[in-house]
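Right, one structure below, let's go through it.
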Number of protein chains: 2
Amino acid sequence: MYKTSKVVFSPRVRKSPYFNSTIKYGAQAYSVYNHMYMPISYEGTIQDYKNLLNSVQLWDVGVERQIQIKGPDAEALSQFLTPRNIKKCAIGQAMYTPLLDFEGGFLNDPVMLRLDENHYWFSVSDGDSLLWAQGIAAGYKFDVEIDEPDVSPLQVQGPDSTKLMSKVFGDWVNDLGFYKFKQVTHQGIPMVIARMGYSRELCYELFLQDGSKGNDLWELLWEAGQEFKISAGGPNIILRLEGGILSYLADIDRSNNPYEVGLDWLVDLEQEDDFIGKEALRLVCQNGPTKKLMGAEIHGDPIEDSNADHWPVFINGKKVGSMNAMVYSPRLDKNICYTILDIEHAKSGQEIVIAAPEKDLMATTIDLPWRERA
Amino acid sequence: MYKTSKVVFSPRVRKSPYFNSTIKYGAQAYSVYNHMYMPISYEGTIQDYKNLLNSVQLWDVGVERQIQIKGPDAEALSQFLTPRNIKKCAIGQAMYTPLLDFEGGFLNDPVMLRLDENHYWFSVSDGDSLLWAQGIAAGYKFDVEIDEPDVSPLQVQGPDSTKLMSKVFGDWVNDLGFYKFKQVTHQGIPMVIARMGYSRELCYELFLQDGSKGNDLWELLWEAGQEFKISAGGPNIILRLEGGILSYLADIDRSNNPYEVGLDWLVDLEQEDDFIGKEALRLVCQNGPTKKLMGAEIHGDPIEDSNADHWPVFINGKKVGSMNAMVYSPRLDKNICYTILDIEHAKSGQEIVIAAPEKDLMATTIDLPWRERA
């Protein structure tokens, strides 16, 4: 599926609290994310995907580090850091809250959890947003404390995840709303349990608050999950692309703004408060974006390897964008991919040519996503 | 040498301009550093080390990204970011310039190149210091432009490196002073050539300024290096430990300040200008550090595997610090390591016990480094 080499395990890169479990249960390939090893594949991308869709699966996503913002100005700083109107976020609720630079480009795309009146976590994708938040806070004199707490998420993914979660943690899980969370301590393990995760399937995220207990948490879920034929997996490119979910730095980066990637609904230009990038985004909103993220379906036989680079996209011999991620989806029985195209070509049904290193691939654009939330 | 698994090549992690050359010339293992694949080993850590010491070696260190600071306040911001007195840095000169947080802890340990009056590069180790610099600049209203330019270093390492460099680039290389650099264009390839690198051996760093020409640069050096039996390698843990060179996040991190790791000579508290961490470091300077980086020699047979974690260090059953990096040095014929010890035990000749997972290791502390610059 992916091209690979060897990766060395050195103390320069951190291990998640679940690392020993990922080795024990057969992780075969890793990436590095937020200075930490992230298991990507156990039985292979396709088999991991099938295992998840058949039952329930554990994902070590301890690489999602939390930026904790506390103190009198915690709400004010959090609002300044994101274009979303976070004043609408209740305590016990989470929100998808991009962090942008002053030009409106993505610095990160965390999920924010509001734990209390002036207490937030930003669960960040790959990037030291901690340094950004601390630099901004210092210079703009926000009265806050910012750190990276001992919090490491584990995701429970798949159609049987509610059954497993309620079996282990109690019936209240059945009533937990989407993007809502609850603080619990179970068998001495403190954690925040949220109903969300990095797929469109039924899923939960357990924000473990004691790194010494990662393997204990894994084992108790594993044991309880035996009746469901629980498996181990990791963030899965097939589920991601089917669901139109973004992977920061793979699909989008700092050169993109929310209007280009279907996330304009996160931008609240009407709110009174200022936020970083507001001025730049007002212009983008007025003039419209110059490029746009689109799905596309690649013709021909199932593709075996995912791309290791972005590939240029052409129409009539003219470069019009790039193809950033592709994979074969078994349940769609289609080769699906993400492209970012010049705005005049960013419409459904457009024939495009993707210049792969070996040969050109023919594809037809389509609106995202292929699958809605389960 | 290192424990390993597989790493996936995905577009989420960048490839350096030399990536194809590293594959072509046999890189066997990678790490990820600044969101980019970094080749670590070709023929194995020990053989790579021997190859380097016998001749000349190319290292793809494109992962050292540059933070470029330009504009009217470039000197002022650069000074604010580091405790070193950069006013003493001439144009065409480089300096080792840690970036600290407000508590004096290491955020990074870049080498700074002063390209012009108000034009600096910070060649950073692993971490998005770009976000830190930009956050600080915005909040404190420095009038600067900060970006990551298309600059990717390649190092030429080893006793024959001067011969190779002068053969390719001209006799002026023989006169290039330590930590001095020169802008050149060779066969249409623009670069800054500096006499420095990540070892205590003779070495040079070529800051390629056109990412499309990385493999061209590699090939022309490779061809010219045939008479010296040129080889390929990567940042080498044996050379690092022998020379007392630090690897940020492996050996030291944000919990350490310069006084703890032998870098107090970089801190200029007497300068008039303020810098981030000055207040905190003044206290450390007055009271002395509470812990200290020390070398140690581990008794017994040559150790085969490097540590993948930091291991606790004990004296008389009491935990007194940690062992952060260890390796067998063939030319010293010793097992050498870095420890960070509570200050009262941080003296040469101290017997310590390193609690490795399998068994305790006995060691004796010693002052760093084992080897001075060649």
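Residue names in the structure tokens use chain letters A, B, ... in the order shown, residue numbers from 1 in each chain, and ligand numbers from 1 in the order shown.
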
Using only C-alpha atoms, tabulate the residues of chain A lying at most 7 Å from any atom of chain B, each with its closest atom pair and that distance in Å to one decimal, by chain and increasing residue number, as a Markdown table.
```
| residue | atom | partner | partner_atom | distance |
| --- | --- | --- | --- | --- |
| A:Tyr2 | CA | B:Val8 | CA | 5.8 |
| A:Lys3 | CA | B:Phe9 | CA | 5.5 |
| A:Thr4 | CA | B:Val8 | CA | 4.5 |
| A:Ser5 | CA | B:Val7 | CA | 5.4 |
| A:Lys6 | CA | B:Lys6 | CA | 4.4 |
| A:Val7 | CA | B:Tyr30 | CA | 5.0 |
| A:Val8 | CA | B:Thr4 | CA | 4.5 |
| A:Phe9 | CA | B:Ala308 | CA | 5.5 |
| A:Ser10 | CA | B:Ala308 | CA | 4.3 |
| A:Pro11 | CA | B:Asp309 | CA | 4.7 |
| A:Arg12 | CA | B:Ala250 | CA | 3.8 |
| A:Gln28 | CA | B:Lys6 | CA | 6.4 |
| A:Ala29 | CA | B:Lys6 | CA | 4.5 |
| A:Tyr30 | CA | B:Val7 | CA | 5.0 |
| A:Ser31 | CA | B:Val7 | CA | 5.6 |
| A:Val32 | CA | B:Val32 | CA | 6.1 |
| A:Gly127 | CA | B:Asp128 | CA | 6.7 |
| A:Asp128 | CA | B:Asp128 | CA | 5.5 |
| A:Leu131 | CA | B:Trp132 | CA | 4.9 |
| A:Trp132 | CA | B:Leu131 | CA | 4.9 |
| A:Gly135 | CA | B:Gly135 | CA | 4.4 |
| A:Ile136 | CA | B:Gly135 | CA | 4.7 |
| A:Gly139 | CA | B:Gly139 | CA | 3.6 |
| A:Tyr140 | CA | B:Gly139 | CA | 4.7 |
| A:Leu249 | CA | B:Arg12 | CA | 5.0 |
| A:Ala250 | CA | B:Arg12 | CA | 3.8 |
| A:Asn307 | CA | B:Ser10 | CA | 6.7 |
| A:Ala308 | CA | B:Ser10 | CA | 4.3 |
| A:Asp309 | CA | B:Pro11 | CA | 4.7 |
| A:His310 | CA | B:Pro11 | CA | 6.4 |
```

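Selecting strand (DSSP E) from the backbone DSSP output for region 58-136 of chain A yields Leu58, Trp59, Asp60, Gln66, Ile67, Gln68, Ile69, Lys70, Ala94, Met95, Tyr96, Leu99, Leu100, Phe106, Leu107, Asn108, Val111, Met112, Leu113, Arg114, Leu115, Asp116, His119, Tyr120, Trp121, Phe122 and Ser123 of chain A.
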
Given the selection you just returned, output its residues as a file containing C-alpha atoms, formatted as a PDB file, in the first residue's frame.
```pdb
ATOM      1  CA  LEU A  58      -8.226   0.440  18.836  1.00  0.00           C
ATOM      2  CA  TRP A  59      -6.096   3.247  17.431  1.00  0.00           C
ATOM      3  CA  ASP A  60      -3.101   4.655  19.273  1.00  0.00           C
ATOM      4  CA  GLN A  66      -2.979  18.670  23.677  1.00  0.00           C
ATOM      5  CA  ILE A  67      -2.263  22.357  24.002  1.00  0.00           C
ATOM      6  CA  GLN A  68      -3.797  23.306  27.312  1.00  0.00           C
ATOM      7  CA  ILE A  69      -4.809  26.936  27.786  1.00  0.00           C
ATOM      8  CA  LYS A  70      -5.921  28.013  31.255  1.00  0.00           C
ATOM      9  CA  ALA A  94     -15.728  19.942  21.395  1.00  0.00           C
ATOM     10  CA  MET A  95     -15.317  21.904  18.172  1.00  0.00           C
ATOM     11  CA  TYR A  96     -13.170  21.577  15.065  1.00  0.00           C
ATOM     12  CA  LEU A  99      -5.443  27.602  13.662  1.00  0.00           C
ATOM     13  CA  LEU A 100      -4.533  30.051  10.914  1.00  0.00           C
ATOM     14  CA  PHE A 106      -3.634  26.669   7.984  1.00  0.00           C
ATOM     15  CA  LEU A 107      -1.096  26.258  10.783  1.00  0.00           C
ATOM     16  CA  ASN A 108      -2.994  23.290  12.180  1.00  0.00           C
ATOM     17  CA  VAL A 111     -10.273  19.778  17.711  1.00  0.00           C
ATOM     18  CA  MET A 112     -10.819  22.028  20.719  1.00  0.00           C
ATOM     19  CA  LEU A 113     -12.313  20.690  23.949  1.00  0.00           C
ATOM     20  CA  ARG A 114     -13.795  23.168  26.381  1.00  0.00           C
ATOM     21  CA  LEU A 115     -13.214  21.663  29.809  1.00  0.00           C
ATOM     22  CA  ASP A 116     -14.286  24.631  31.897  1.00  0.00           C
ATOM     23  CA  HIS A 119      -9.883  25.895  30.337  1.00  0.00           C
ATOM     24  CA  TYR A 120      -9.346  24.542  26.832  1.00  0.00           C
ATOM     25  CA  TRP A 121      -7.467  21.756  25.099  1.00  0.00           C
ATOM     26  CA  PHE A 122      -6.511  21.993  21.458  1.00  0.00           C
ATOM     27  CA  SER A 123      -5.905  18.458  20.222  1.00  0.00           C
TER      28      SER A 123
END
```

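Note that the spacing between CA of Cys203 (chain B) and CA of Pro98 (chain B) amounts to 21.3 Å.
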
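Going from CA of Phe142 (chain A) to CA of Asp143 (chain B) covers 21.0 Å.
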
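Of the listed residues A:Ser16, A:Thr364, A:Gln271, A:Ser322, the one whose atoms come nearest to Gly295 (chain A) is A:Thr364, with distances taken using only C-alpha atoms.
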
Using DSSP secondary structure from the backbone, list all helix (DSSP H, G or I) positions within region 10-177 of chain A, as a ChimeraX atom specification.
/A:19-24,45-54,74-81,86-88,129-139,161-169,171-175

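Once Glu64 (chain B) and its same-chain neighbours fewer than 3 positions away are set aside, Val61, Ser123, Val124, Ser125, Ser152 and Pro153 of chain B remain within 7 Å of it when counting only C-alpha atoms.
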
Generate a file of the selected residues that holds C-alpha atoms, formatted as an mmCIF file, in the first residue's frame.
```
data_model
loop_
_atom_site.group_PDB
_atom_site.id
_atom_site.type_symbol
_atom_site.label_atom_id
_atom_site.label_comp_id
_atom_site.auth_asym_id
_atom_site.auth_seq_id
_atom_site.Cartn_x
_atom_site.Cartn_y
_atom_site.Cartn_z
ATOM 1 C CA VAL B 61 20.713 16.993 6.344
ATOM 2 C CA SER B 123 19.313 26.481 10.787
ATOM 3 C CA VAL B 124 17.071 24.681 13.236
ATOM 4 C CA SER B 125 17.023 21.257 14.782
ATOM 5 C CA SER B 152 18.404 22.442 2.202
ATOM 6 C CA PRO B 153 21.819 21.624 3.653
#
```

Val327 (chain B) environment, 8 Å, only C-alpha atoms, sequence neighbours closer than 5 positions dropped, as a PDB file with all heavy atoms, in the first residue's frame:
```
ATOM      1  N   ILE B 237      25.662   8.749  15.607  1.00  0.00           N
ATOM      2  CA  ILE B 237      25.615   8.827  17.069  1.00  0.00           C
ATOM      3  C   ILE B 237      26.988   8.632  17.700  1.00  0.00           C
ATOM      4  O   ILE B 237      27.281   9.204  18.760  1.00  0.00           O
ATOM      5  CB  ILE B 237      24.584   7.824  17.641  1.00  0.00           C
ATOM      6  CG1 ILE B 237      24.442   7.994  19.158  1.00  0.00           C
ATOM      7  CG2 ILE B 237      24.915   6.405  17.254  1.00  0.00           C
ATOM      8  CD1 ILE B 237      23.365   7.139  19.792  1.00  0.00           C
ATOM      9  N   ILE B 238      27.867   7.867  17.049  1.00  0.00           N
ATOM     10  CA  ILE B 238      29.201   7.657  17.639  1.00  0.00           C
ATOM     11  C   ILE B 238      29.988   8.963  17.595  1.00  0.00           C
ATOM     12  O   ILE B 238      30.556   9.403  18.603  1.00  0.00           O
ATOM     13  CB  ILE B 238      29.975   6.542  16.904  1.00  0.00           C
ATOM     14  CG1 ILE B 238      29.111   5.280  16.751  1.00  0.00           C
ATOM     15  CG2 ILE B 238      31.266   6.222  17.655  1.00  0.00           C
ATOM     16  CD1 ILE B 238      29.755   4.180  15.916  1.00  0.00           C
ATOM     17  N   LEU B 241      28.513  11.520  20.167  1.00  0.00           N
ATOM     18  CA  LEU B 241      28.840  11.333  21.579  1.00  0.00           C
ATOM     19  C   LEU B 241      30.330  11.540  21.840  1.00  0.00           C
ATOM     20  O   LEU B 241      30.703  12.176  22.833  1.00  0.00           O
ATOM     21  CB  LEU B 241      28.374   9.952  22.060  1.00  0.00           C
ATOM     22  CG  LEU B 241      26.971   9.946  22.691  1.00  0.00           C
ATOM     23  CD1 LEU B 241      25.908  10.429  21.726  1.00  0.00           C
ATOM     24  CD2 LEU B 241      26.610   8.566  23.218  1.00  0.00           C
ATOM     25  N   ILE B 303      28.666  -2.497  23.895  1.00  0.00           N
ATOM     26  CA  ILE B 303      27.215  -2.605  23.807  1.00  0.00           C
ATOM     27  C   ILE B 303      26.811  -2.601  22.342  1.00  0.00           C
ATOM     28  O   ILE B 303      27.411  -1.909  21.519  1.00  0.00           O
ATOM     29  CB  ILE B 303      26.512  -1.454  24.564  1.00  0.00           C
ATOM     30  CG1 ILE B 303      27.143  -0.101  24.221  1.00  0.00           C
ATOM     31  CG2 ILE B 303      26.565  -1.687  26.058  1.00  0.00           C
ATOM     32  CD1 ILE B 303      26.524   1.069  24.944  1.00  0.00           C
ATOM     33  N   GLU B 304      25.812  -3.389  22.036  1.00  0.00           N
ATOM     34  CA  GLU B 304      25.422  -3.526  20.630  1.00  0.00           C
ATOM     35  C   GLU B 304      24.292  -2.591  20.244  1.00  0.00           C
ATOM     36  O   GLU B 304      24.305  -2.012  19.167  1.00  0.00           O
ATOM     37  CB  GLU B 304      25.026  -4.978  20.337  1.00  0.00           C
ATOM     38  CG  GLU B 304      26.246  -5.887  20.310  1.00  0.00           C
ATOM     39  CD  GLU B 304      25.887  -7.334  20.053  1.00  0.00           C
ATOM     40  OE1 GLU B 304      24.736  -7.602  19.662  1.00  0.00           O
ATOM     41  OE2 GLU B 304      26.768  -8.194  20.259  1.00  0.00           O
ATOM     42  N   ASP B 305      23.290  -2.477  21.112  1.00  0.00           N
ATOM     43  CA  ASP B 305      22.134  -1.651  20.777  1.00  0.00           C
ATOM     44  C   ASP B 305      22.174  -0.316  21.511  1.00  0.00           C
ATOM     45  O   ASP B 305      22.483  -0.264  22.700  1.00  0.00           O
ATOM     46  CB  ASP B 305      20.834  -2.368  21.162  1.00  0.00           C
ATOM     47  CG  ASP B 305      20.527  -3.511  20.213  1.00  0.00           C
ATOM     48  OD1 ASP B 305      21.022  -3.473  19.070  1.00  0.00           O
ATOM     49  OD2 ASP B 305      19.806  -4.433  20.614  1.00  0.00           O
ATOM     50  N   SER B 306      21.846   0.741  20.793  1.00  0.00           N
ATOM     51  CA  SER B 306      21.647   2.016  21.454  1.00  0.00           C
ATOM     52  C   SER B 306      20.312   1.987  22.191  1.00  0.00           C
ATOM     53  O   SER B 306      19.432   1.190  21.875  1.00  0.00           O
ATOM     54  CB  SER B 306      21.655   3.148  20.429  1.00  0.00           C
ATOM     55  OG  SER B 306      22.954   3.314  19.910  1.00  0.00           O
ATOM     56  N   ASN B 335      32.444   2.059  25.808  1.00  0.00           N
ATOM     57  CA  ASN B 335      31.020   2.369  25.769  1.00  0.00           C
ATOM     58  C   ASN B 335      30.837   3.746  26.384  1.00  0.00           C
ATOM     59  O   ASN B 335      31.150   3.945  27.561  1.00  0.00           O
ATOM     60  CB  ASN B 335      30.225   1.358  26.594  1.00  0.00           C
ATOM     61  CG  ASN B 335      30.343  -0.044  26.051  1.00  0.00           C
ATOM     62  OD1 ASN B 335      30.209  -0.259  24.849  1.00  0.00           O
ATOM     63  ND2 ASN B 335      30.588  -1.012  26.932  1.00  0.00           N
ATOM     64  N   ILE B 336      30.347   4.684  25.588  1.00  0.00           N
ATOM     65  CA  ILE B 336      30.241   6.050  26.094  1.00  0.00           C
ATOM     66  C   ILE B 336      28.779   6.486  26.111  1.00  0.00           C
ATOM     67  O   ILE B 336      27.958   5.985  25.339  1.00  0.00           O
ATOM     68  CB  ILE B 336      31.086   7.022  25.251  1.00  0.00           C
ATOM     69  CG1 ILE B 336      30.639   7.020  23.783  1.00  0.00           C
ATOM     70  CG2 ILE B 336      32.560   6.653  25.360  1.00  0.00           C
ATOM     71  CD1 ILE B 336      31.421   8.002  22.906  1.00  0.00           C
ATOM     72  N   CYS B 337      28.461   7.384  27.020  1.00  0.00           N
ATOM     73  CA  CYS B 337      27.064   7.820  27.116  1.00  0.00           C
ATOM     74  C   CYS B 337      26.957   9.212  27.715  1.00  0.00           C
ATOM     75  O   CYS B 337      27.919   9.747  28.262  1.00  0.00           O
ATOM     76  CB  CYS B 337      26.239   6.822  27.931  1.00  0.00           C
ATOM     77  SG  CYS B 337      26.591   6.804  29.691  1.00  0.00           S
TER      78      CYS B 337
END
```

Extract, using only C-alpha atoms, all DNA, RNA and protein residues at most 7 Å from Pro190 (chain A), discarding same-chain residues fewer than 6 positions from it, and format them as a ChimeraX atom specification.
/A:184,208-210

Would you mind exporting all heavy atoms of the selected residues as a PDB file, in the first residue's frame?
```pdb
ATOM      1  N   VAL A 184     -14.076  10.970  33.343  1.00  0.00           N
ATOM      2  CA  VAL A 184     -14.318   9.772  34.148  1.00  0.00           C
ATOM      3  C   VAL A 184     -13.000   9.248  34.713  1.00  0.00           C
ATOM      4  O   VAL A 184     -11.924   9.571  34.216  1.00  0.00           O
ATOM      5  CB  VAL A 184     -14.971   8.625  33.326  1.00  0.00           C
ATOM      6  CG1 VAL A 184     -16.275   9.077  32.692  1.00  0.00           C
ATOM      7  CG2 VAL A 184     -14.014   8.106  32.267  1.00  0.00           C
ATOM      8  N   LEU A 208      -6.588   9.835  27.638  1.00  0.00           N
ATOM      9  CA  LEU A 208      -5.918   9.317  28.835  1.00  0.00           C
ATOM     10  C   LEU A 208      -5.130  10.428  29.527  1.00  0.00           C
ATOM     11  O   LEU A 208      -4.345  11.126  28.893  1.00  0.00           O
ATOM     12  CB  LEU A 208      -4.966   8.195  28.418  1.00  0.00           C
ATOM     13  CG  LEU A 208      -4.016   7.650  29.480  1.00  0.00           C
ATOM     14  CD1 LEU A 208      -4.787   6.904  30.563  1.00  0.00           C
ATOM     15  CD2 LEU A 208      -2.974   6.737  28.833  1.00  0.00           C
ATOM     16  N   GLN A 209      -5.312  10.562  30.847  1.00  0.00           N
ATOM     17  CA  GLN A 209      -4.656  11.648  31.579  1.00  0.00           C
ATOM     18  C   GLN A 209      -3.551  11.160  32.513  1.00  0.00           C
ATOM     19  O   GLN A 209      -3.158  11.877  33.435  1.00  0.00           O
ATOM     20  CB  GLN A 209      -5.709  12.439  32.373  1.00  0.00           C
ATOM     21  CG  GLN A 209      -6.662  13.212  31.472  1.00  0.00           C
ATOM     22  CD  GLN A 209      -7.825  13.796  32.235  1.00  0.00           C
ATOM     23  OE1 GLN A 209      -8.718  13.077  32.677  1.00  0.00           O
ATOM     24  NE2 GLN A 209      -7.816  15.103  32.408  1.00  0.00           N
ATOM     25  N   ASP A 210      -3.075   9.959  32.273  1.00  0.00           N
ATOM     26  CA  ASP A 210      -1.947   9.436  33.054  1.00  0.00           C
ATOM     27  C   ASP A 210      -1.152   8.495  32.158  1.00  0.00           C
ATOM     28  O   ASP A 210      -1.525   7.337  31.960  1.00  0.00           O
ATOM     29  CB  ASP A 210      -2.459   8.704  34.298  1.00  0.00           C
ATOM     30  CG  ASP A 210      -1.321   8.126  35.132  1.00  0.00           C
ATOM     31  OD1 ASP A 210      -0.159   8.096  34.645  1.00  0.00           O
ATOM     32  OD2 ASP A 210      -1.579   7.692  36.261  1.00  0.00           O
TER      33      ASP A 210
END
```

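Take CA of Tyr198 (chain A) and CA of Gly234 (chain A): the distance between them is 9.6 Å.
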
Shell around region 220-226 of chain A at 12 Å using only C-alpha atoms, local window under 3 positions removed, as a VMD selection string
chain A and resid 21 to 22 24 to 25 55 to 59 154 to 158 160 to 169 186 to 187 189 206 213 to 217 229 to 232

Could you list, as an MDAnalysis selection string, every residue within 6 Å of Gln93 (chain B), counting only C-alpha atoms and ignoring same-chain residues fewer than 2 positions away?
chainID B and resid 90:91 114 179:180

Now that the selection is made, can you save its residues with C-alpha atoms as a PDB file, in the first residue's frame?
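The new file out-v9.pdb reads:
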```pdb
ATOM      1  CA  ALA B  90      29.966  39.468  11.323  1.00  0.00           C
ATOM      2  CA  ILE B  91      28.323  39.149   7.940  1.00  0.00           C
ATOM      3  CA  ARG B 114      24.321  36.216   9.232  1.00  0.00           C
ATOM      4  CA  TYR B 179      32.054  28.924  11.079  1.00  0.00           C
ATOM      5  CA  LYS B 180      32.600  31.189   8.076  1.00  0.00           C
TER       6      LYS B 180
END
```

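Counting only C-alpha atoms and comparing B:Gly26, B:Pro17, B:Gly105, B:Gly197, the residue that lies closest to Glu43 (chain B) is B:Gly26.
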